[in-house]
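Chemist: I am sharing query.csv, which consists of CSV, N, CA and C atoms:
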```
chain,number,residue,atom,x,y,z
A,1,MET,N,110.8,-158.4,-160.3
A,1,MET,CA,109.5,-158.1,-160.7
A,1,MET,C,108.9,-156.9,-160.0
A,2,PHE,N,109.3,-156.7,-158.7
A,2,PHE,CA,108.8,-155.5,-158.0
A,2,PHE,C,109.9,-155.0,-157.2
A,3,HIS,N,109.9,-153.7,-156.9
A,3,HIS,CA,111.0,-153.1,-156.1
A,3,HIS,C,110.6,-153.1,-154.6
A,4,THR,N,111.6,-153.1,-153.8
A,4,THR,CA,111.3,-153.0,-152.4
A,4,THR,C,111.0,-151.6,-152.0
A,5,LEU,N,110.1,-151.4,-151.0
A,5,LEU,CA,109.8,-150.1,-150.6
A,5,LEU,C,110.8,-149.5,-149.6
A,6,TYR,N,111.7,-150.3,-149.1
A,6,TYR,CA,112.7,-149.8,-148.2
A,6,TYR,C,114.0,-150.7,-148.4
A,7,ARG,N,115.1,-150.2,-147.8
A,7,ARG,CA,116.3,-151.0,-147.8
A,7,ARG,C,116.9,-151.0,-146.4
A,8,ALA,N,117.4,-152.1,-146.0
A,8,ALA,CA,118.0,-152.2,-144.7
A,8,ALA,C,119.4,-151.7,-144.7
A,9,GLU,N,119.7,-150.9,-143.6
A,9,GLU,CA,121.1,-150.4,-143.4
A,9,GLU,C,121.5,-150.8,-142.0
A,10,HIS,N,122.8,-151.1,-141.9
A,10,HIS,CA,123.3,-151.5,-140.6
A,10,HIS,C,123.6,-150.2,-139.8
A,11,SER,N,123.2,-150.2,-138.5
A,11,SER,CA,123.5,-149.1,-137.6
A,11,SER,C,124.4,-149.6,-136.5
A,12,ALA,N,125.6,-149.1,-136.5
A,12,ALA,CA,126.6,-149.5,-135.4
A,12,ALA,C,126.2,-149.0,-134.1
A,13,CYS,N,125.5,-147.9,-134.0
A,13,CYS,CA,125.1,-147.2,-132.8
A,13,CYS,C,124.2,-148.1,-131.9
A,14,HIS,N,123.2,-148.7,-132.5
A,14,HIS,CA,122.2,-149.4,-131.7
A,14,HIS,C,122.2,-150.9,-131.9
A,15,GLY,N,123.0,-151.4,-132.9
A,15,GLY,CA,123.1,-152.8,-133.2
A,15,GLY,C,121.8,-153.2,-133.9
A,16,GLN,N,121.0,-152.3,-134.4
A,16,GLN,CA,119.7,-152.6,-135.0
A,16,GLN,C,119.9,-152.4,-136.5
A,17,ARG,N,118.9,-152.8,-137.3
A,17,ARG,CA,119.0,-152.6,-138.7
A,17,ARG,C,117.8,-151.7,-139.1
A,18,PRO,N,118.0,-150.4,-139.0
A,18,PRO,CA,116.9,-149.5,-139.4
A,18,PRO,C,116.7,-149.6,-140.9
A,19,ARG,N,115.5,-149.1,-141.3
A,19,ARG,CA,115.1,-149.2,-142.7
A,19,ARG,C,115.0,-147.8,-143.2
A,20,ARG,N,115.5,-147.6,-144.4
A,20,ARG,CA,115.3,-146.3,-145.1
A,20,ARG,C,114.3,-146.5,-146.2
A,21,VAL,N,113.3,-145.8,-146.1
A,21,VAL,CA,112.2,-145.9,-147.1
A,21,VAL,C,112.5,-145.0,-148.3
A,22,ALA,N,112.3,-145.5,-149.5
A,22,ALA,CA,112.5,-144.8,-150.7
A,22,ALA,C,111.2,-144.0,-151.0
A,23,TRP,N,110.9,-143.0,-150.2
A,23,TRP,CA,109.6,-142.3,-150.3
A,23,TRP,C,109.4,-141.5,-151.5
A,24,THR,N,110.5,-141.1,-152.2
A,24,THR,CA,110.4,-140.3,-153.4
A,24,THR,C,110.5,-141.1,-154.7
A,25,ALA,N,110.6,-142.4,-154.6
A,25,ALA,CA,110.9,-143.3,-155.8
A,25,ALA,C,109.8,-143.2,-156.8
A,26,GLU,N,108.5,-143.1,-156.4
A,26,GLU,CA,107.4,-143.1,-157.4
A,26,GLU,C,106.9,-141.7,-157.6
A,27,LEU,N,107.4,-140.7,-156.9
A,27,LEU,CA,107.0,-139.3,-157.0
A,27,LEU,C,107.5,-138.6,-158.2
A,28,PRO,N,106.7,-138.0,-159.1
A,28,PRO,CA,107.3,-137.3,-160.2
A,28,PRO,C,108.3,-136.2,-159.7
A,29,PRO,N,109.4,-136.1,-160.4
A,29,PRO,CA,110.5,-135.2,-159.9
A,29,PRO,C,110.0,-133.7,-159.7
A,30,ASP,N,109.0,-133.3,-160.5
A,30,ASP,CA,108.5,-131.9,-160.3
A,30,ASP,C,107.8,-131.7,-159.0
A,31,LEU,N,107.4,-132.7,-158.3
A,31,LEU,CA,106.6,-132.6,-157.1
A,31,LEU,C,107.4,-132.9,-155.8
A,32,ILE,N,108.7,-133.2,-156.0
A,32,ILE,CA,109.5,-133.5,-154.8
A,32,ILE,C,109.5,-132.4,-153.8
A,33,GLY,N,109.7,-131.2,-154.2
A,33,GLY,CA,109.7,-130.0,-153.3
A,33,GLY,C,108.3,-129.5,-152.8
A,34,VAL,N,107.3,-130.1,-153.4
A,34,VAL,CA,105.9,-129.6,-153.1
A,34,VAL,C,105.3,-130.4,-152.0
A,35,VAL,N,105.6,-131.7,-151.8
A,35,VAL,CA,104.9,-132.5,-150.8
A,35,VAL,C,105.6,-132.3,-149.5
A,36,VAL,N,104.9,-132.7,-148.4
A,36,VAL,CA,105.4,-132.7,-147.0
A,36,VAL,C,106.3,-133.8,-146.8
A,37,PRO,N,107.6,-133.6,-146.5
A,37,PRO,CA,108.5,-134.7,-146.3
A,37,PRO,C,108.4,-135.4,-145.0
A,38,PRO,N,108.5,-136.7,-145.0
A,38,PRO,CA,108.4,-137.4,-143.7
A,38,PRO,C,109.7,-137.3,-142.9
A,39,VAL,N,109.6,-137.4,-141.6
A,39,VAL,CA,110.9,-137.4,-140.8
A,39,VAL,C,111.1,-138.7,-140.1
A,40,ARG,N,110.0,-139.5,-140.0
A,40,ARG,CA,110.2,-140.9,-139.5
A,40,ARG,C,109.2,-141.8,-140.2
A,41,PHE,N,109.4,-143.1,-140.1
A,41,PHE,CA,108.6,-144.1,-140.7
A,41,PHE,C,108.2,-145.2,-139.8
A,42,ASP,N,107.0,-145.7,-140.0
A,42,ASP,CA,106.5,-146.9,-139.4
A,42,ASP,C,106.3,-147.9,-140.5
A,43,ILE,N,107.0,-149.1,-140.3
A,43,ILE,CA,106.9,-150.1,-141.4
A,43,ILE,C,106.3,-151.4,-140.8
A,44,ALA,N,105.4,-152.0,-141.6
A,44,ALA,CA,104.8,-153.2,-141.2
A,44,ALA,C,104.9,-154.2,-142.4
A,45,GLN,N,105.2,-155.4,-142.1
A,45,GLN,CA,105.3,-156.5,-143.1
A,45,GLN,C,104.5,-157.7,-142.7
A,46,ASP,N,104.0,-158.3,-143.7
A,46,ASP,CA,103.3,-159.6,-143.5
A,46,ASP,C,104.0,-160.6,-144.5
A,47,HIS,N,104.8,-161.5,-144.0
A,47,HIS,CA,105.6,-162.4,-144.8
A,47,HIS,C,104.7,-163.6,-145.3
A,48,LEU,N,103.6,-163.8,-144.7
A,48,LEU,CA,102.8,-164.9,-145.1
A,48,LEU,C,102.1,-164.7,-146.4
A,49,ILE,N,101.6,-163.4,-146.6
A,49,ILE,CA,100.9,-163.1,-147.8
A,49,ILE,C,101.7,-162.1,-148.7
A,50,VAL,N,102.9,-161.9,-148.4
A,50,VAL,CA,103.8,-161.0,-149.2
A,50,VAL,C,103.1,-159.6,-149.3
A,51,ALA,N,103.1,-158.9,-148.2
A,51,ALA,CA,102.5,-157.5,-148.2
A,51,ALA,C,103.3,-156.7,-147.3
A,52,ASP,N,103.4,-155.4,-147.6
A,52,ASP,CA,104.0,-154.5,-146.6
A,52,ASP,C,103.4,-153.1,-146.7
A,53,ARG,N,103.6,-152.3,-145.7
A,53,ARG,CA,103.0,-151.0,-145.6
A,53,ARG,C,104.0,-150.1,-144.9
A,54,SER,N,104.3,-148.9,-145.5
A,54,SER,CA,105.1,-147.9,-144.9
A,54,SER,C,104.3,-146.7,-144.7
A,55,LEU,N,104.4,-146.1,-143.5
A,55,LEU,CA,103.7,-144.9,-143.1
A,55,LEU,C,104.7,-143.9,-142.7
A,56,GLY,N,104.8,-142.7,-143.4
A,56,GLY,CA,105.7,-141.7,-143.1
A,56,GLY,C,105.0,-140.6,-142.3
A,57,LEU,N,105.7,-140.1,-141.3
A,57,LEU,CA,105.1,-139.1,-140.4
A,57,LEU,C,105.9,-137.8,-140.5
A,58,ASP,N,105.2,-136.7,-140.4
A,58,ASP,CA,105.9,-135.4,-140.4
A,58,ASP,C,106.4,-135.0,-139.0
A,59,ALA,N,107.0,-133.8,-138.8
A,59,ALA,CA,107.5,-133.4,-137.5
A,59,ALA,C,106.4,-133.3,-136.5
A,60,GLN,N,105.2,-133.2,-136.8
A,60,GLN,CA,104.1,-133.1,-135.9
A,60,GLN,C,103.4,-134.5,-135.6
A,61,GLY,N,104.0,-135.5,-136.2
A,61,GLY,CA,103.5,-136.9,-136.0
A,61,GLY,C,102.2,-137.2,-136.9
A,62,GLN,N,102.0,-136.3,-137.9
A,62,GLN,CA,100.8,-136.6,-138.8
A,62,GLN,C,101.3,-137.3,-140.0
A,63,ALA,N,100.5,-138.2,-140.5
A,63,ALA,CA,100.8,-139.0,-141.7
A,63,ALA,C,101.0,-138.0,-142.9
A,64,CYS,N,102.1,-138.2,-143.6
A,64,CYS,CA,102.3,-137.4,-144.8
A,64,CYS,C,102.8,-138.2,-146.0
A,65,PHE,N,103.0,-139.5,-145.8
A,65,PHE,CA,103.4,-140.5,-146.8
A,65,PHE,C,102.8,-141.8,-146.5
A,66,CYS,N,102.4,-142.6,-147.5
A,66,CYS,CA,102.0,-144.0,-147.2
A,66,CYS,C,102.3,-144.8,-148.5
A,67,ALA,N,102.7,-146.0,-148.3
A,67,ALA,CA,102.9,-146.9,-149.4
A,67,ALA,C,102.5,-148.3,-149.0
A,68,PHE,N,101.8,-149.0,-149.8
A,68,PHE,CA,101.6,-150.4,-149.5
A,68,PHE,C,101.6,-151.2,-150.8
A,69,ARG,N,102.0,-152.5,-150.6
A,69,ARG,CA,102.1,-153.4,-151.7
A,69,ARG,C,101.6,-154.7,-151.3
A,70,HIS,N,100.9,-155.3,-152.2
A,70,HIS,CA,100.4,-156.7,-152.0
A,70,HIS,C,100.7,-157.5,-153.2
A,71,VAL,N,101.3,-158.7,-153.0
A,71,VAL,CA,101.6,-159.6,-154.1
A,71,VAL,C,100.8,-160.8,-154.0
A,72,GLN,N,100.0,-161.1,-155.0
A,72,GLN,CA,99.2,-162.4,-155.0
A,72,GLN,C,100.0,-163.4,-155.7
A,73,THR,N,100.1,-164.6,-155.2
A,73,THR,CA,100.9,-165.7,-155.8
A,73,THR,C,100.0,-166.9,-156.1
A,74,ALA,N,100.5,-167.7,-156.9
A,74,ALA,CA,99.8,-169.0,-157.3
A,74,ALA,C,100.8,-170.1,-157.4
A,75,LEU,N,100.4,-171.3,-157.2
A,75,LEU,CA,101.3,-172.4,-157.4
A,75,LEU,C,101.5,-172.7,-158.8
A,76,ARG,N,102.7,-172.9,-159.2
A,76,ARG,CA,103.1,-173.3,-160.6
A,76,ARG,C,104.0,-174.5,-160.6
A,77,SER,N,104.0,-175.2,-161.7
A,77,SER,CA,104.9,-176.4,-161.8
A,77,SER,C,105.4,-176.5,-163.2
A,78,ASP,N,106.7,-176.8,-163.3
A,78,ASP,CA,107.3,-177.0,-164.6
A,78,ASP,C,107.2,-178.4,-165.1
A,79,ASP,N,107.1,-179.4,-164.2
A,79,ASP,CA,107.1,-180.8,-164.5
A,79,ASP,C,106.1,-181.6,-163.8
A,80,ASP,N,105.1,-181.0,-163.1
A,80,ASP,CA,104.1,-181.7,-162.4
A,80,ASP,C,104.6,-182.4,-161.1
A,81,GLU,N,105.9,-182.2,-160.8
A,81,GLU,CA,106.4,-182.9,-159.6
A,81,GLU,C,106.8,-181.8,-158.6
A,82,PHE,N,107.4,-180.8,-159.0
A,82,PHE,CA,107.9,-179.7,-158.1
A,82,PHE,C,107.1,-178.5,-158.3
A,83,PHE,N,106.5,-178.0,-157.2
A,83,PHE,CA,105.7,-176.8,-157.3
A,83,PHE,C,106.4,-175.6,-156.7
A,84,TYR,N,106.1,-174.4,-157.1
A,84,TYR,CA,106.7,-173.2,-156.6
A,84,TYR,C,105.6,-172.1,-156.7
A,85,GLU,N,105.8,-171.1,-155.8
A,85,GLU,CA,104.9,-170.0,-155.8
A,85,GLU,C,105.4,-168.9,-156.8
A,86,ALA,N,104.5,-168.4,-157.6
A,86,ALA,CA,104.9,-167.3,-158.6
A,86,ALA,C,104.0,-166.2,-158.4
A,87,PRO,N,104.5,-164.9,-158.5
A,87,PRO,CA,103.6,-163.8,-158.5
A,87,PRO,C,102.6,-163.7,-159.7
A,88,VAL,N,101.4,-163.5,-159.4
A,88,VAL,CA,100.4,-163.4,-160.6
A,88,VAL,C,99.8,-162.0,-160.6
A,89,ARG,N,99.8,-161.2,-159.5
A,89,ARG,CA,99.3,-159.9,-159.5
A,89,ARG,C,100.0,-159.1,-158.4
A,90,ILE,N,100.5,-157.9,-158.8
A,90,ILE,CA,101.2,-157.1,-157.8
A,90,ILE,C,100.5,-155.7,-157.8
A,91,GLU,N,100.1,-155.2,-156.7
A,91,GLU,CA,99.5,-153.9,-156.6
A,91,GLU,C,100.3,-153.0,-155.6
A,92,THR,N,100.6,-151.9,-156.1
A,92,THR,CA,101.4,-150.9,-155.3
A,92,THR,C,100.6,-149.6,-155.2
A,93,VAL,N,100.4,-149.1,-154.1
A,93,VAL,CA,99.8,-147.8,-153.9
A,93,VAL,C,100.7,-146.9,-153.1
A,94,THR,N,101.1,-145.7,-153.6
A,94,THR,CA,101.9,-144.8,-152.9
A,94,THR,C,101.2,-143.4,-152.9
A,95,ALA,N,101.3,-142.7,-151.7
A,95,ALA,CA,100.6,-141.4,-151.6
A,95,ALA,C,101.5,-140.5,-150.8
A,96,TRP,N,101.4,-139.2,-151.2
A,96,TRP,CA,102.1,-138.1,-150.5
A,96,TRP,C,101.1,-137.0,-150.2
A,97,ARG,N,101.3,-136.4,-149.0
A,97,ARG,CA,100.4,-135.3,-148.6
A,97,ARG,C,100.9,-134.0,-149.1
A,98,LEU,N,100.1,-133.2,-149.6
A,98,LEU,CA,100.4,-131.8,-150.0
A,98,LEU,C,100.2,-130.9,-148.7
A,99,PRO,N,100.8,-129.7,-148.7
A,99,PRO,CA,100.6,-128.8,-147.6
A,99,PRO,C,99.1,-128.4,-147.3
A,100,ASP,N,98.3,-128.5,-148.3
A,100,ASP,CA,96.9,-128.1,-148.1
A,100,ASP,C,96.0,-129.3,-147.7
A,101,ARG,N,96.7,-130.4,-147.3
A,101,ARG,CA,96.1,-131.6,-146.7
A,101,ARG,C,95.5,-132.6,-147.8
A,102,ARG,N,95.6,-132.2,-149.1
A,102,ARG,CA,95.1,-133.2,-150.1
A,102,ARG,C,96.3,-134.2,-150.3
A,103,TRP,N,96.0,-135.3,-151.0
A,103,TRP,CA,96.9,-136.4,-151.2
A,103,TRP,C,97.1,-136.6,-152.7
A,104,ILE,N,98.3,-136.8,-153.2
A,104,ILE,CA,98.6,-137.3,-154.5
A,104,ILE,C,98.8,-138.8,-154.4
A,105,THR,N,98.1,-139.6,-155.1
A,105,THR,CA,98.2,-141.0,-155.0
A,105,THR,C,98.6,-141.6,-156.4
A,106,SER,N,99.5,-142.6,-156.3
A,106,SER,CA,100.0,-143.3,-157.4
A,106,SER,C,99.6,-144.8,-157.2
A,107,ARG,N,98.9,-145.3,-158.2
A,107,ARG,CA,98.5,-146.7,-158.1
A,107,ARG,C,99.1,-147.5,-159.3
A,108,LYS,N,99.7,-148.6,-159.1
A,108,LYS,CA,100.3,-149.4,-160.2
A,108,LYS,C,99.9,-150.9,-159.9
A,109,VAL,N,99.4,-151.5,-161.0
A,109,VAL,CA,99.0,-152.9,-160.9
A,109,VAL,C,99.8,-153.7,-162.1
A,110,VAL,N,100.4,-154.8,-161.7
A,110,VAL,CA,101.1,-155.6,-162.7
A,110,VAL,C,100.4,-157.0,-162.7
A,111,GLN,N,99.9,-157.4,-163.8
A,111,GLN,CA,99.3,-158.7,-163.9
A,111,GLN,C,100.2,-159.7,-164.6
A,112,GLU,N,100.1,-160.9,-164.2
A,112,GLU,CA,100.9,-162.0,-164.8
A,112,GLU,C,100.7,-162.0,-166.3
A,113,GLY,N,101.7,-162.2,-167.0
A,113,GLY,CA,101.6,-162.3,-168.5
A,113,GLY,C,101.6,-161.0,-169.2
A,114,CYS,N,101.6,-159.9,-168.5
A,114,CYS,CA,101.5,-158.6,-169.2
A,114,CYS,C,103.0,-158.2,-169.5
A,115,SER,N,103.2,-158.1,-170.8
A,115,SER,CA,104.6,-157.8,-171.3
A,115,SER,C,104.8,-156.3,-171.3
A,116,VAL,N,103.8,-155.4,-171.1
A,116,VAL,CA,104.0,-154.0,-171.0
A,116,VAL,C,104.2,-153.6,-169.6
A,117,ALA,N,105.2,-152.7,-169.4
A,117,ALA,CA,105.5,-152.2,-168.0
A,117,ALA,C,104.3,-151.4,-167.5
A,118,ALA,N,104.0,-151.6,-166.2
A,118,ALA,CA,102.9,-151.0,-165.6
A,118,ALA,C,103.1,-149.5,-165.5
A,119,VAL,N,102.2,-148.7,-165.9
A,119,VAL,CA,102.3,-147.2,-165.8
A,119,VAL,C,101.5,-146.8,-164.6
A,120,PRO,N,102.1,-146.0,-163.6
A,120,PRO,CA,101.4,-145.6,-162.5
A,120,PRO,C,100.3,-144.6,-162.9
A,121,GLN,N,99.1,-144.7,-162.2
A,121,GLN,CA,98.0,-143.8,-162.4
A,121,GLN,C,98.0,-142.8,-161.2
A,122,LEU,N,98.1,-141.6,-161.5
A,122,LEU,CA,98.1,-140.5,-160.5
A,122,LEU,C,96.7,-140.0,-160.3
A,123,SER,N,96.4,-139.7,-159.0
A,123,SER,CA,95.1,-139.1,-158.7
A,123,SER,C,95.3,-138.1,-157.5
A,124,LEU,N,94.4,-137.3,-157.4
A,124,LEU,CA,94.4,-136.3,-156.3
A,124,LEU,C,93.1,-136.6,-155.4
A,125,SER,N,93.3,-136.7,-154.1
A,125,SER,CA,92.2,-136.9,-153.2
A,125,SER,C,92.2,-136.1,-151.9
A,126,ARG,N,91.1,-136.1,-151.2
A,126,ARG,CA,91.1,-135.3,-150.0
A,126,ARG,C,91.6,-136.1,-148.8
A,127,GLY,N,91.8,-137.4,-148.9
A,127,GLY,CA,92.2,-138.2,-147.8
A,127,GLY,C,93.3,-139.2,-148.2
A,128,MET,N,94.0,-139.7,-147.2
A,128,MET,CA,95.0,-140.7,-147.4
A,128,MET,C,94.4,-142.0,-147.8
A,129,PRO,N,94.9,-142.7,-148.8
A,129,PRO,CA,94.3,-144.0,-149.2
A,129,PRO,C,94.5,-145.0,-148.1
A,130,ARG,N,93.5,-145.9,-148.0
A,130,ARG,CA,93.5,-147.0,-146.9
A,130,ARG,C,93.6,-148.3,-147.5
```
Output the file's structure in the form of structure tokens.

Modeler:
Amino acid sequence: MFHTLYRAEHSACHGQRPRRVAWTAELPPDLIGVVVPPVRFDIAQDHLIVADRSLGLDAQGQACFCAFRHVQTALRSDDDEFFYEAPVRIETVTAWRLPDRRWITSRKVVQEGCSVAAVPQLSLSRGMPR
């Protein structure tokens, strides 16, 4: 129902599992060479409420990419005996910094029961979304 913002890869050097962020996944192809590319990422996850945030930093340590996702869930039951959590609303916001310090932001919301694929809404702003 939703894609992951990063994928884990095994690193034999440090015995850790670094994460590679798919920072261009939502970016229109014509803009890939226009935005400031991140050189490192800070990733935070909250497993209790199904939310995550990725922050990409440029070579000077300034934010140049951010993405966050929040999944709202509700209890559902097929037979009134067994309950499970199901996603009812997913919001994803992804933003990239332009060299002139403006931000391109893509916002996508998926509602439960919506049979039409969510279309990202692009906007231009003076600051990074919060």

Chemist: Could you tell me how far CA of Arg126 in chain A lies from CA of Val71 in chain A, in Å and to one decimal?

Modeler: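 Computing the Euclidean distance for CA of Arg126 in chain A and CA of Val71 in chain A yields 26.8 Å.
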
Chemist: Work out how far apart CA of Leu124 in chain A and CA of Ala63 in chain A are and give it in Å to one decimal.

Modeler: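 So the two atoms, CA of Leu124 in chain A and CA of Ala63 in chain A, lie 16.2 Å apart.
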
Chemist: Could you tell me, as JSON, numbers by chain, which residues of chain A DSSP assigns to strand (DSSP E or B) when given the backbone?

Modeler: {"A": [6, 7, 8, 19, 20, 21, 40, 41, 42, 43, 44, 45, 46, 51, 52, 53, 54, 55, 56, 57, 63, 64, 65, 66, 67, 68, 69, 70, 71, 72, 73, 74, 75, 76, 77, 83, 84, 85, 86, 87, 88, 89, 90, 91, 92, 93, 94, 95, 96, 97, 103, 104, 105, 106, 107, 108, 109, 110, 111, 121, 122, 123, 124, 125]}

Chemist: Neighbours of Arg69 in chain A within 12 Å (only C-alpha atoms; same-chain residues fewer than 2 positions away dropped), as a ChimeraX atom specification?

Modeler: /A:2-6,43-47,49-54,66-67,71-72,89-94,106-110,130

Chemist: Would you mind listing what lies within 5 Å of Asp58 in chain A as a compact mmCIF listing (two decimals) with N, CA and C atoms, in the coordinates of the input, with all atoms listed in the file counted and same-chain residues fewer than 4 positions away left out?

Modeler:
```
# COMPACT_ATOMS: atom_id res chain seq x y z
N PRO A 38 108.50 -136.70 -145.00
CA PRO A 38 108.40 -137.40 -143.70
C PRO A 38 109.70 -137.30 -142.90
N VAL A 39 109.60 -137.40 -141.60
CA VAL A 39 110.90 -137.40 -140.80
C VAL A 39 111.10 -138.70 -140.10
N GLN A 62 102.00 -136.30 -137.90
CA GLN A 62 100.80 -136.60 -138.80
C GLN A 62 101.30 -137.30 -140.00
N ALA A 63 100.50 -138.20 -140.50
CA ALA A 63 100.80 -139.00 -141.70
C ALA A 63 101.00 -138.00 -142.90
N CYS A 64 102.10 -138.20 -143.60
CA CYS A 64 102.30 -137.40 -144.80
C CYS A 64 102.80 -138.20 -146.00
```

Chemist: Just give me the gap between CA of Val88 in chain A and CA of Glu26 in chain A in Å, one decimal is fine.

Modeler: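 Those two atoms sit 21.7 Å apart.
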
Chemist: Quick one: everything within 7 Å of Val35 in chain A, counting only N, CA and C atoms, minus sequence neighbours fewer than 3 positions away in the same chain. Send it as a list in words.

Modeler: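 Close residues of Val35 in chain A: Leu31, Ile32, Pro38, Trp96, Arg97, Leu98 and Pro99 of chain A.
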
Chemist: List the neighbours of Glu85 in chain A out to 8 Å using only N, CA and C atoms; skip same-chain residues closer than 6 positions along the sequence, and give me the result as a compact mmCIF listing (two decimals) with N, CA and C atoms, keeping the file's coordinate frame.

Modeler:
```txt
# COMPACT_ATOMS: atom_id res chain seq x y z
N GLN A 72 100.00 -161.10 -155.00
CA GLN A 72 99.20 -162.40 -155.00
C GLN A 72 100.00 -163.40 -155.70
N THR A 73 100.10 -164.60 -155.20
CA THR A 73 100.90 -165.70 -155.80
C THR A 73 100.00 -166.90 -156.10
N ALA A 74 100.50 -167.70 -156.90
CA ALA A 74 99.80 -169.00 -157.30
C ALA A 74 100.80 -170.10 -157.40
N LEU A 75 100.40 -171.30 -157.20
CA LEU A 75 101.30 -172.40 -157.40
C LEU A 75 101.50 -172.70 -158.80
N ARG A 76 102.70 -172.90 -159.20
CA ARG A 76 103.10 -173.30 -160.60
C ARG A 76 104.00 -174.50 -160.60
N SER A 77 104.00 -175.20 -161.70
CA SER A 77 104.90 -176.40 -161.80
C SER A 77 105.40 -176.50 -163.20
```

Chemist: When you count only C-alpha atoms, which of these residues is closest to Pro129 in chain A: A:Phe65, A:Trp23, A:Phe83, A:Val34?

Modeler: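 Closest candidate: A:Phe65.
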
Chemist: Taking only N, CA and C atoms into account, name the residue in A:Gly61, A:His70, A:Pro87, A:Ser123 that is nearest to Gln111 in chain A.

Modeler: A:Pro87

Chemist: Could I get range 21-27 of chain A rebuilt with all heavy atoms, written as a tab-separated table (two decimals), keeping the file's coordinate frame?

Modeler:
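Saved to part36.tsv:
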```tsv
chain	number	residue	atom	x	y	z
A	21	VAL	N	113.30	-145.80	-146.10
A	21	VAL	CA	112.20	-145.90	-147.10
A	21	VAL	C	112.50	-145.00	-148.30
A	21	VAL	O	112.82	-143.83	-148.17
A	21	VAL	CB	110.82	-145.46	-146.44
A	21	VAL	CG1	109.70	-145.45	-147.45
A	21	VAL	CG2	110.50	-146.39	-145.28
A	22	ALA	N	112.30	-145.50	-149.50
A	22	ALA	CA	112.50	-144.80	-150.70
A	22	ALA	C	111.20	-144.00	-151.00
A	22	ALA	O	110.46	-144.33	-151.99
A	22	ALA	CB	112.83	-145.75	-151.86
A	23	TRP	N	110.90	-143.00	-150.20
A	23	TRP	CA	109.60	-142.30	-150.30
A	23	TRP	C	109.40	-141.50	-151.50
A	23	TRP	O	108.31	-141.11	-151.88
A	23	TRP	CB	109.35	-141.56	-149.00
A	23	TRP	CG	110.19	-140.34	-148.82
A	23	TRP	CD1	111.45	-140.29	-148.31
A	23	TRP	CD2	109.83	-139.01	-149.14
A	23	TRP	NE1	111.90	-139.00	-148.30
A	23	TRP	CE2	110.92	-138.19	-148.80
A	23	TRP	CE3	108.69	-138.41	-149.67
A	23	TRP	CZ2	110.91	-136.81	-148.98
A	23	TRP	CZ3	108.68	-137.04	-149.86
A	23	TRP	CH2	109.77	-136.26	-149.50
A	24	THR	N	110.50	-141.10	-152.20
A	24	THR	CA	110.40	-140.30	-153.40
A	24	THR	C	110.50	-141.10	-154.70
A	24	THR	O	110.40	-140.57	-155.82
A	24	THR	CB	111.44	-139.19	-153.48
A	24	THR	OG1	112.73	-139.81	-153.44
A	24	THR	CG2	111.28	-138.22	-152.34
A	25	ALA	N	110.60	-142.40	-154.60
A	25	ALA	CA	110.90	-143.30	-155.80
A	25	ALA	C	109.80	-143.20	-156.80
A	25	ALA	O	110.05	-143.17	-158.03
A	25	ALA	CB	111.09	-144.73	-155.37
A	26	GLU	N	108.50	-143.10	-156.40
A	26	GLU	CA	107.40	-143.10	-157.40
A	26	GLU	C	106.90	-141.70	-157.60
A	26	GLU	O	106.00	-141.49	-158.45
A	26	GLU	CB	106.25	-143.96	-156.85
A	26	GLU	CG	106.58	-145.43	-156.70
A	26	GLU	CD	106.60	-146.16	-158.03
A	26	GLU	OE1	105.81	-145.79	-158.93
A	26	GLU	OE2	107.42	-147.07	-158.18
A	27	LEU	N	107.40	-140.70	-156.90
A	27	LEU	CA	107.00	-139.30	-157.00
A	27	LEU	C	107.50	-138.60	-158.20
A	27	LEU	O	108.75	-138.71	-158.46
A	27	LEU	CB	107.36	-138.55	-155.75
A	27	LEU	CG	106.86	-137.13	-155.59
A	27	LEU	CD1	105.34	-137.11	-155.52
A	27	LEU	CD2	107.44	-136.51	-154.33
```
